[in-house]
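Q: The following block contains the structure, expressed as structure tokens.
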Amino acid sequence: DSNENNTIYEPNMEKTRLDRLLLLLDTGSTRAHREMAAEEIGAIVKMHPEDLQQIMCRVHHFLRSKSFETRMAAGYAFKFIASNVVQWKPRVLPDSKDVTQHKVSELYFLSFDTFDLDFILEHGTHLLGSSGLLYLEEDELQHLSPRERLKKQRENLTKQLYSDMEFDKDNHPEHNIKLEDLVTDDDLIMQPKKRPKQEPKDKEASRQVTETLSKLSARQINATLQTPSLQHDLVEMFHPYIYAYVNVFTLADMLERRTKQQKQAPKAVVYSGGDTPTSSSLSHTRTSITKQANSDAIVVESKLNPEAVLANADEWPFQARCEEMCNDLFDPNWTLRHGAAIGLREVISRHGNTAGIIQDADTEMTQREHNAQWLEDMAIRLICVLALDRFGDFSSAQAVAPVREIAGQTLGAAIKHMSETAVRKVLLLLLRLEQRNEWEVRHGGLLGVKYLIAIREDLIVPLLPELLPVVLKGLQEKEVDDVRAAAADTIMPMANQIVQNAPELICRIVTILWDSLLELDDFSASTNSILKLLSRLLQDIVSRRCEDIEKTHEGGTQLPELMSRLWNFFQHPRTSIRLTVLEATFGIIDAMVRAKLFRCFEAVLPALLTYCFHNFLLEMENDVLEATKVLWKLCIETASPTQLAAAQPDKQLLAYFQLLMTPESKTVSPSALRIIGGETQPQHPRLHESIYLAGDAPLLQNSYVLLRARYLGACAIGQLAANWMVNGTTPKTLANLSYQLFQVDAQQRGIPPSCIRRILGGVVISTWASDARKMHSISDESCSKVPDKFLIAMQEVLKEKAVFVEMNKLSSQIRMAYLELLSLYSQCGLSSNELDKMPLESNISPDSARALLDILPSWKAALPNPDAGLDRRKKWESDLRDSINSLTIAISSATMRVRASLASAIIQSSHLPEKITVIVKPLLESIAKEEVDFLQQQSATAIARLIELRCDEAPEPCQKICQHLINYLYADHQKCPQVAAGEHNGLIDGILTLIRLNQEDERLKAISSHTKLTRYDGMAEDTKFVSPKLFDEDFASISEKNEAIIKRTGAELAISEIFNSAGASIIKKLPIFLHAGKVTLEKSLAEYIHDQEAPENPLHLDATQLATAQSIVNALNVLQVTVPHLSSQLLEFSVSLIPTIIVATQYPNVSVRYTAAQCLAALAKIE
């Protein structure tokens, strides 16, 4: 069955390369794998053009697969096949010859002049998902014999006929109808569905033609039909019959010719000596000779010239394959229709300009005519598919009509090769579909129009009068949302032409779109299309005249009220819609700013800032967050302090901080979300469900995403404060709420502080100070308007050592294990004097728990019975030790983040302490160990700002900080290899990348050999004890590599910030980078640079030479990181490094050569 997704491979057959590629095409795990296989299949066609038909036949099988991915992959295969087949150039007849006898009969093609679309729509069979035959038999019937199946079907039919009859058959004998009188066994046997035949008007003449044609061969039938005297009569009298009859015999004739051509194809010849074989069949070939392992034999393979192969063909190379796909276009099974449309699309888009042309039968003029007839026939067939297809997949947010969608694309591919007159006829047929009541028909027509416009942009302007009324009608569709979506997608490609040629309609279209927003909800299919079109048209309006943005509704509705219709889409379930509405809002606000519509801006600012802040806390997608940051920045930079104060009242600020500090795994407060612009709204788009920070459920939350949401919210508050205080007025409520984040009096009150609060407090002040300086060009002195109480509080908190409230869970685990151990030892007979040595506190500190672990060995010796409760004591002792280690790591990480955040805030506020060690140490630790990228970036920016502030006054500390950063660069041995360490110790010859690959393969083989199981129940004697050292080293090396990568990444971030801040004065201010890079490199390579003849390469490197090689590697790493960030004014300095680096590429050590190549690659990226 062609509908089944079975493979065409035999398990016992030896698979060729084509077989393996087809298998990958069908079963590839990813789309990339399938596309790679498709590309390779196309390459095979390019190398073996004589196998084109065979390869297409095998690939065509996968166009009929039930798997969507397989059909798409087969489409890619046809794409690459068609791309690798040269354009067919058939021979033409001279114009002087009589070509009447070679004229192709009109019986072969459908024509616009005779095509009756209304008849097709009224009487054509609808193309559904399947024929329905698969549902006629139940599973229990599949295993019965034919006789038993008939008996069972008769019983089921009897039940169905009498299921609704509630009368007594004995009392009403007139209703006792025998089933045998109604249904026979022949009626129950499933027959293949046949298309109804169209009977000719003259049945007697039809019988005569049948008898005559049945006695002729296919070639004789074609010759008879080509007789001019018979053509007219045949067309008039017997068109329906001969159309089907001739198609059958023509297809058989083509298959016969193709079989003969394949039999005559040249094959590989084994040549053992003597003269070269010659044959007339090997003309237009080139010979390839391949040597074999046996020196007495070689293989001589003839390879055909692709152009010669096509030149000798009798017809268009894709003719038979396209005819078969055309038959599949109307198959009841939607998968076959879908696959056929995909294949036709790829072939027609690349070779449609030569379709339908006959070899040695046409002049140049008739070739164009026959090509136009073929394309016309194909366009009509595709329009029929658009009109009759009813299959839709409603599982996604928008109804997907895969057959109509691909059919529209295929129609666009055919239209690309058609004349303007033919395109107009196609458009008229598509527009007639829009007059139907069936929404599927209107949907298909709009899809066809969409791809017609997208392909033939040159015809949009002359076709606008016919197009606009139809698409506007579709845009106002209210009953079927999918039709409205298709209409909006249709207008998108011609938006520019509408603006230029029909500007009076823009306002009308935009009005329709604004009004449509009131009718949309989370389940509307057209939301994305309408928002994209609205955004596009608003951009066109703004590009012409910014002031026009205020009047985009014909009904006179004001712009602020129109924009309020966008707020509901800020938290739409679909990511694409959230992104689109942000882009549309940004375009409108930007136009307001440029047109100086400040009243409109003030009206929308409160709600806009609130929804942007909600996005920072609730959004998970990076693209949406980036768009939100751009929109928030535009609003903040545009608004004046007065406007911000009016837009963000105290009630709104309180709601911000309440949302910001929502505990993990707790739902967001609905009351806080309802406060929009300081006013409580009755509803919120997402209040119908539980809402969590950075996710819709606790299971979707992770520490990184949750911390990112709070970090972005804190940055937004800092930016708000920076703009608010630019005129010298400090926002009191905002400042007080920010100050409370530091929890200065937490220890005095005897409560553990929150590390999250203190981190966010540092982020707020850091962003406050840095943005105030960058956004408004304020001098460093005036930038200290950050209240002094913040600086005092941060310096106090920076010195504290605390166990944060986030560690309460781990502390509870330690307390439980601590008390359990005391209880166990008491039960085992330990004296009370020993137990009294350990305190019983309400909050057991990690130090007390460690003291207990230290005293346990002496307690064990003091027990009357050392084995008493041994297993339980080991368990709780292990739990206590693990909990202590986890708490220690958590405290260390939290303390590092708190101190680094506070240090960044102190530095950005430009109020440095007398001894900068207290702020430098946490920042360097954060750069070296912080796993969260945005916190590491914050520390890197702070280090650069610190060096900028103190470089002139105290250069030595700055030089030491830079030296630490340079040392961090050497940590990652993948980028900075160790010359005197590892298995490539001092290697002179080879390529380091290949050496590493071989080492990795050996490591994996070693692990595999140690873990290999035998066929027996257990492990083999020599492998049953796996060396734990191998895995311990492996896990340890992975941990060390991750730490090294983090350290180098932090160093690269900090160095890039330092170079960008210092500019062209970097070499003068921080000569340590020059010394660590260029000076060290030239000094280490002096022997190779100054000598005219390079010294001979040694066989082995001694300790001194290894140290020199390592210094070269280190210097090259410094240059690799620093040179790309040099100012453009130092371009000559960068170029001067190239000769020295080229010398390093010839150094007798694999690590040096590898690093030199990496450095040259970095230099090549400089523009």
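Scheme for the structure tokens: letters A, B, ... for chains in order shown; per-chain residue numbers from 1; ligand numbers from 1 in order shown.
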Extract, using only C-alpha atoms, all DNA, RNA and protein residues at most 8 Å from region 499-504 of chain A, discarding same-chain residues fewer than 4 positions from it, and format them as a list of chain:residue names.
A: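 Here the answer would be A:Val461, A:Ala495, A:Arg508, A:Asp540.
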Q: Output N, CA, C and O atoms for every residue in the selection just made, as an mmCIF file, in the first residue's frame.
A:
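The resulting file, selection_1.cif, is reproduced below:
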```
data_model
loop_
_atom_site.group_PDB
_atom_site.id
_atom_site.type_symbol
_atom_site.label_atom_id
_atom_site.label_comp_id
_atom_site.auth_asym_id
_atom_site.auth_seq_id
_atom_site.Cartn_x
_atom_site.Cartn_y
_atom_site.Cartn_z
ATOM 1 N N VAL A 461 1.043 46.329 -8.662
ATOM 2 C CA VAL A 461 0.422 47.634 -8.934
ATOM 3 C C VAL A 461 -0.716 47.525 -9.942
ATOM 4 O O VAL A 461 -1.832 48.021 -9.683
ATOM 5 N N ALA A 495 2.153 45.710 1.094
ATOM 6 C CA ALA A 495 1.943 46.889 1.938
ATOM 7 C C ALA A 495 2.611 48.124 1.340
ATOM 8 O O ALA A 495 2.022 49.216 1.323
ATOM 9 N N ARG A 508 -8.150 53.265 6.326
ATOM 10 C CA ARG A 508 -9.271 52.339 6.410
ATOM 11 C C ARG A 508 -8.806 50.951 6.872
ATOM 12 O O ARG A 508 -9.442 50.325 7.721
ATOM 13 N N ASP A 540 4.829 52.337 8.087
ATOM 14 C CA ASP A 540 4.734 53.067 6.823
ATOM 15 C C ASP A 540 4.120 54.453 7.035
ATOM 16 O O ASP A 540 4.539 55.435 6.402
#
```
Q: Could you give me, as number ranges by chain, each residue of region 817-868 of chain A that DSSP assigns to helix (DSSP H, G or I) when run on this structure's backbone?
A: A: 817-827, 832-835, 846-862
Q: Tell me which protein, DNA and RNA residues are within 9 Å of Ala1144 (chain A), counting only C-alpha atoms, leaving out same-chain ones fewer than 6 positions away, and put them as an MDAnalysis selection string.
A: chainID A and resid 1081 1085 1088 1112 1116 1152:1153 1155:1157
Q: Emit the selected residues as a PDB file, in the first residue's frame, including N, CA and C atoms.
A:
```pdb
ATOM      1  N   LEU A1081      56.522  38.392  23.999  1.00  0.00           N
ATOM      2  CA  LEU A1081      56.575  37.597  22.776  1.00  0.00           C
ATOM      3  C   LEU A1081      57.851  37.878  21.990  1.00  0.00           C
ATOM      4  N   LEU A1085      60.961  35.216  21.301  1.00  0.00           N
ATOM      5  CA  LEU A1085      61.227  34.812  19.919  1.00  0.00           C
ATOM      6  C   LEU A1085      62.409  35.556  19.316  1.00  0.00           C
ATOM      7  N   TYR A1088      64.567  33.752  16.903  1.00  0.00           N
ATOM      8  CA  TYR A1088      63.983  33.450  15.603  1.00  0.00           C
ATOM      9  C   TYR A1088      63.724  34.706  14.779  1.00  0.00           C
ATOM     10  N   ILE A1112      55.767  32.070  25.498  1.00  0.00           N
ATOM     11  CA  ILE A1112      55.237  32.475  24.186  1.00  0.00           C
ATOM     12  C   ILE A1112      53.731  32.214  24.125  1.00  0.00           C
ATOM     13  N   LEU A1116      50.892  35.093  23.622  1.00  0.00           N
ATOM     14  CA  LEU A1116      49.944  35.031  22.509  1.00  0.00           C
ATOM     15  C   LEU A1116      48.503  35.042  23.013  1.00  0.00           C
ATOM     16  N   VAL A1152      52.599  26.117  20.836  1.00  0.00           N
ATOM     17  CA  VAL A1152      52.909  27.471  20.365  1.00  0.00           C
ATOM     18  C   VAL A1152      52.262  27.719  19.014  1.00  0.00           C
ATOM     19  N   ARG A1153      52.396  26.758  18.115  1.00  0.00           N
ATOM     20  CA  ARG A1153      51.814  26.937  16.784  1.00  0.00           C
ATOM     21  C   ARG A1153      50.285  27.033  16.853  1.00  0.00           C
ATOM     22  N   THR A1155      48.446  28.173  19.408  1.00  0.00           N
ATOM     23  CA  THR A1155      48.060  29.470  19.977  1.00  0.00           C
ATOM     24  C   THR A1155      48.330  30.596  18.993  1.00  0.00           C
ATOM     25  N   ALA A1156      49.401  30.503  18.221  1.00  0.00           N
ATOM     26  CA  ALA A1156      49.689  31.530  17.215  1.00  0.00           C
ATOM     27  C   ALA A1156      48.611  31.562  16.144  1.00  0.00           C
ATOM     28  N   ALA A1157      48.125  30.400  15.747  1.00  0.00           N
ATOM     29  CA  ALA A1157      47.047  30.354  14.757  1.00  0.00           C
ATOM     30  C   ALA A1157      45.776  30.982  15.312  1.00  0.00           C
TER      31      ALA A1157
END
```
Q: Would you compute the distance between CA of Leu634 (chain A) and CA of Leu618 (chain A)? Give it in Å to one decimal.
A: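 Here the two named atoms are 20.4 Å from each other.
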Q: With only C-alpha atoms as the counted atoms, please give the residues lying no more than 9 Å from region 420-430 of chain A, apart from itself and same-chain residues fewer than 5 positions off, as number ranges by chain.
A: A: 112, 117, 372, 376, 379-380, 383, 386-387, 415, 442, 444-446, 448-449, 452, 456, 459, 463, 466-467
Q: Would you put the residues from that selection into a file with C-alpha atoms, as a PDB file, in the first residue's frame?
A:
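Printed below is again.pdb as written:
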```pdb
ATOM      1  CA  PHE A 112      -8.647  28.768 -18.824  1.00  0.00           C
ATOM      2  CA  LEU A 117     -14.767  26.437 -11.883  1.00  0.00           C
ATOM      3  CA  ALA A 372       2.402  28.080 -21.404  1.00  0.00           C
ATOM      4  CA  GLU A 376      -1.879  26.722 -17.476  1.00  0.00           C
ATOM      5  CA  ALA A 379      -2.319  26.144 -12.408  1.00  0.00           C
ATOM      6  CA  ILE A 380      -5.904  24.955 -12.982  1.00  0.00           C
ATOM      7  CA  ILE A 383      -6.695  25.886  -8.097  1.00  0.00           C
ATOM      8  CA  LEU A 386      -7.422  24.928  -3.276  1.00  0.00           C
ATOM      9  CA  ALA A 387     -11.147  24.816  -3.999  1.00  0.00           C
ATOM     10  CA  ILE A 415       3.052  31.648 -11.735  1.00  0.00           C
ATOM     11  CA  ARG A 442     -12.278  31.359   0.666  1.00  0.00           C
ATOM     12  CA  GLY A 444      -7.727  28.501  -0.152  1.00  0.00           C
ATOM     13  CA  GLY A 445      -8.336  31.391  -2.511  1.00  0.00           C
ATOM     14  CA  LEU A 446      -6.597  33.850  -0.196  1.00  0.00           C
ATOM     15  CA  GLY A 448      -3.331  31.398  -3.613  1.00  0.00           C
ATOM     16  CA  VAL A 449      -3.527  35.181  -3.838  1.00  0.00           C
ATOM     17  CA  LEU A 452       0.768  35.061  -6.285  1.00  0.00           C
ATOM     18  CA  ARG A 456       5.016  38.379  -8.890  1.00  0.00           C
ATOM     19  CA  LEU A 459       2.334  42.809 -11.157  1.00  0.00           C
ATOM     20  CA  LEU A 463      -3.567  44.127 -10.050  1.00  0.00           C
ATOM     21  CA  GLU A 466      -8.901  43.656  -8.365  1.00  0.00           C
ATOM     22  CA  LEU A 467      -7.057  42.637  -5.195  1.00  0.00           C
TER      23      LEU A 467
END
```
Q: So what do you get for CA of Arg708 (chain A) versus CA of Ser893 (chain A), distance-wise?
A: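 Taking CA of Arg708 (chain A) and CA of Ser893 (chain A), their separation equals 16.4 Å.
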Q: Using only C-alpha atoms, can you tell me which of A:Leu110, A:Arg484, A:Ile460, A:Leu472 comes closest to Trp374 (chain A)?
A: A:Leu110
Q: Would you work out the distance separating CA of Leu1126 (chain A) from CA of Ser1111 (chain A), expressed in Å to one decimal?
A: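 Atom-to-atom, CA of Leu1126 (chain A) to CA of Ser1111 (chain A), that is 22.2 Å.
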Q: Do you know which residues are at most 10 Å from Val470 (chain A) counting only C-alpha atoms, after dropping those on the same chain fewer than 5 positions away, and could you put them as a list of chain:residue names?
A: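 Surrounding residues, per the criterion: A:Leu431, A:Arg432, A:Glu434, A:Gln435, A:Leu446, A:Val449, A:Pro465, A:Leu475, A:Ala487.
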Q: List the spatial neighbours of region 75-79 of chain A as a list in words - criterion: any atom at most 6 Å away, only C-alpha atoms, same-chain residues fewer than 5 positions off excluded.
A: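 After dropping sequence-adjacent residues, the list is Ala38, Ile342, Gly343 and Glu346 of chain A.
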Q: Would you save the residues of that selection, restricted to N, CA and C atoms, as a compact mmCIF listing (two decimals), in the first residue's frame?
A:
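As written to disk, selection_31.txt reads:
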```
# COMPACT_ATOMS: atom_id res chain seq x y z
N ALA A 38 19.39 14.69 1.94
CA ALA A 38 18.77 15.19 0.72
C ALA A 38 19.80 15.87 -0.18
N ILE A 342 4.38 19.16 -2.53
CA ILE A 342 5.76 19.50 -2.16
C ILE A 342 6.70 19.20 -3.32
N GLY A 343 6.58 17.99 -3.89
CA GLY A 343 7.45 17.63 -5.00
C GLY A 343 7.27 18.52 -6.21
N GLU A 346 9.00 22.00 -5.79
CA GLU A 346 10.44 22.05 -5.97
C GLU A 346 10.83 21.92 -7.43
```
Q: Can you tell me, as a PyMOL selection string, what residues are no more than 7 Å from region 653-658 of chain A when counting only C-alpha atoms, ignoring any on the same chain fewer than 4 positions away?
A: chain A and resi 648-649+662+672+734
Q: With the cut-off set at 7 Å and counting only C-alpha atoms, tabulate each residue of region 472-556 of chain A with an atom at most that distance from an atom of region 574-592 of chain A, showing the nearest atom pair and its distance in Å to one decimal, ordered by chain and increasing number, as a Markdown table.
A:
```
| residue | atom | partner | partner_atom | distance |
| --- | --- | --- | --- | --- |
| A:Asn528 | CA | A:Ile577 | CA | 5.3 |
| A:Leu531 | CA | A:Thr580 | CA | 6.5 |
| A:Lys532 | CA | A:Thr580 | CA | 6.2 |
| A:Ser535 | CA | A:Ala584 | CA | 4.6 |
| A:Gln539 | CA | A:Gly587 | CA | 6.5 |
| A:Val542 | CA | A:Ala591 | CA | 6.1 |
| A:Cys546 | CA | A:Ala591 | CA | 5.5 |
| A:Ile549 | CA | A:Ala591 | CA | 6.9 |
```
Q: Kindly save the residues from that selection, with N, CA and C atoms included, as a short mmCIF file (atom, residue, chain, number, x, y, z; two decimals), in the first residue's frame.
A:
```cif
data_model
loop_
_atom_site.label_atom_id
_atom_site.label_comp_id
_atom_site.auth_asym_id
_atom_site.auth_seq_id
_atom_site.Cartn_x
_atom_site.Cartn_y
_atom_site.Cartn_z
N ASN A 528 -1.71 37.00 15.58
CA ASN A 528 -0.34 37.30 15.15
C ASN A 528 -0.33 38.02 13.81
N LEU A 531 -1.59 41.70 14.22
CA LEU A 531 -0.62 42.56 14.90
C LEU A 531 0.58 42.86 14.00
N LYS A 532 1.05 41.87 13.25
CA LYS A 532 2.17 42.11 12.34
C LYS A 532 1.79 43.11 11.26
N SER A 535 1.51 46.59 12.81
CA SER A 535 2.84 47.15 13.05
C SER A 535 3.48 47.63 11.76
N GLN A 539 4.32 51.57 10.73
CA GLN A 539 5.66 52.00 10.35
C GLN A 539 5.65 52.78 9.05
N VAL A 542 4.33 56.25 9.77
CA VAL A 542 5.33 57.08 10.44
C VAL A 542 6.43 57.50 9.48
N CYS A 546 5.25 61.66 10.71
CA CYS A 546 5.09 61.20 12.09
C CYS A 546 3.78 61.67 12.71
N ILE A 549 0.43 59.56 12.98
CA ILE A 549 0.22 58.46 13.91
C ILE A 549 -0.92 58.77 14.87
#
```
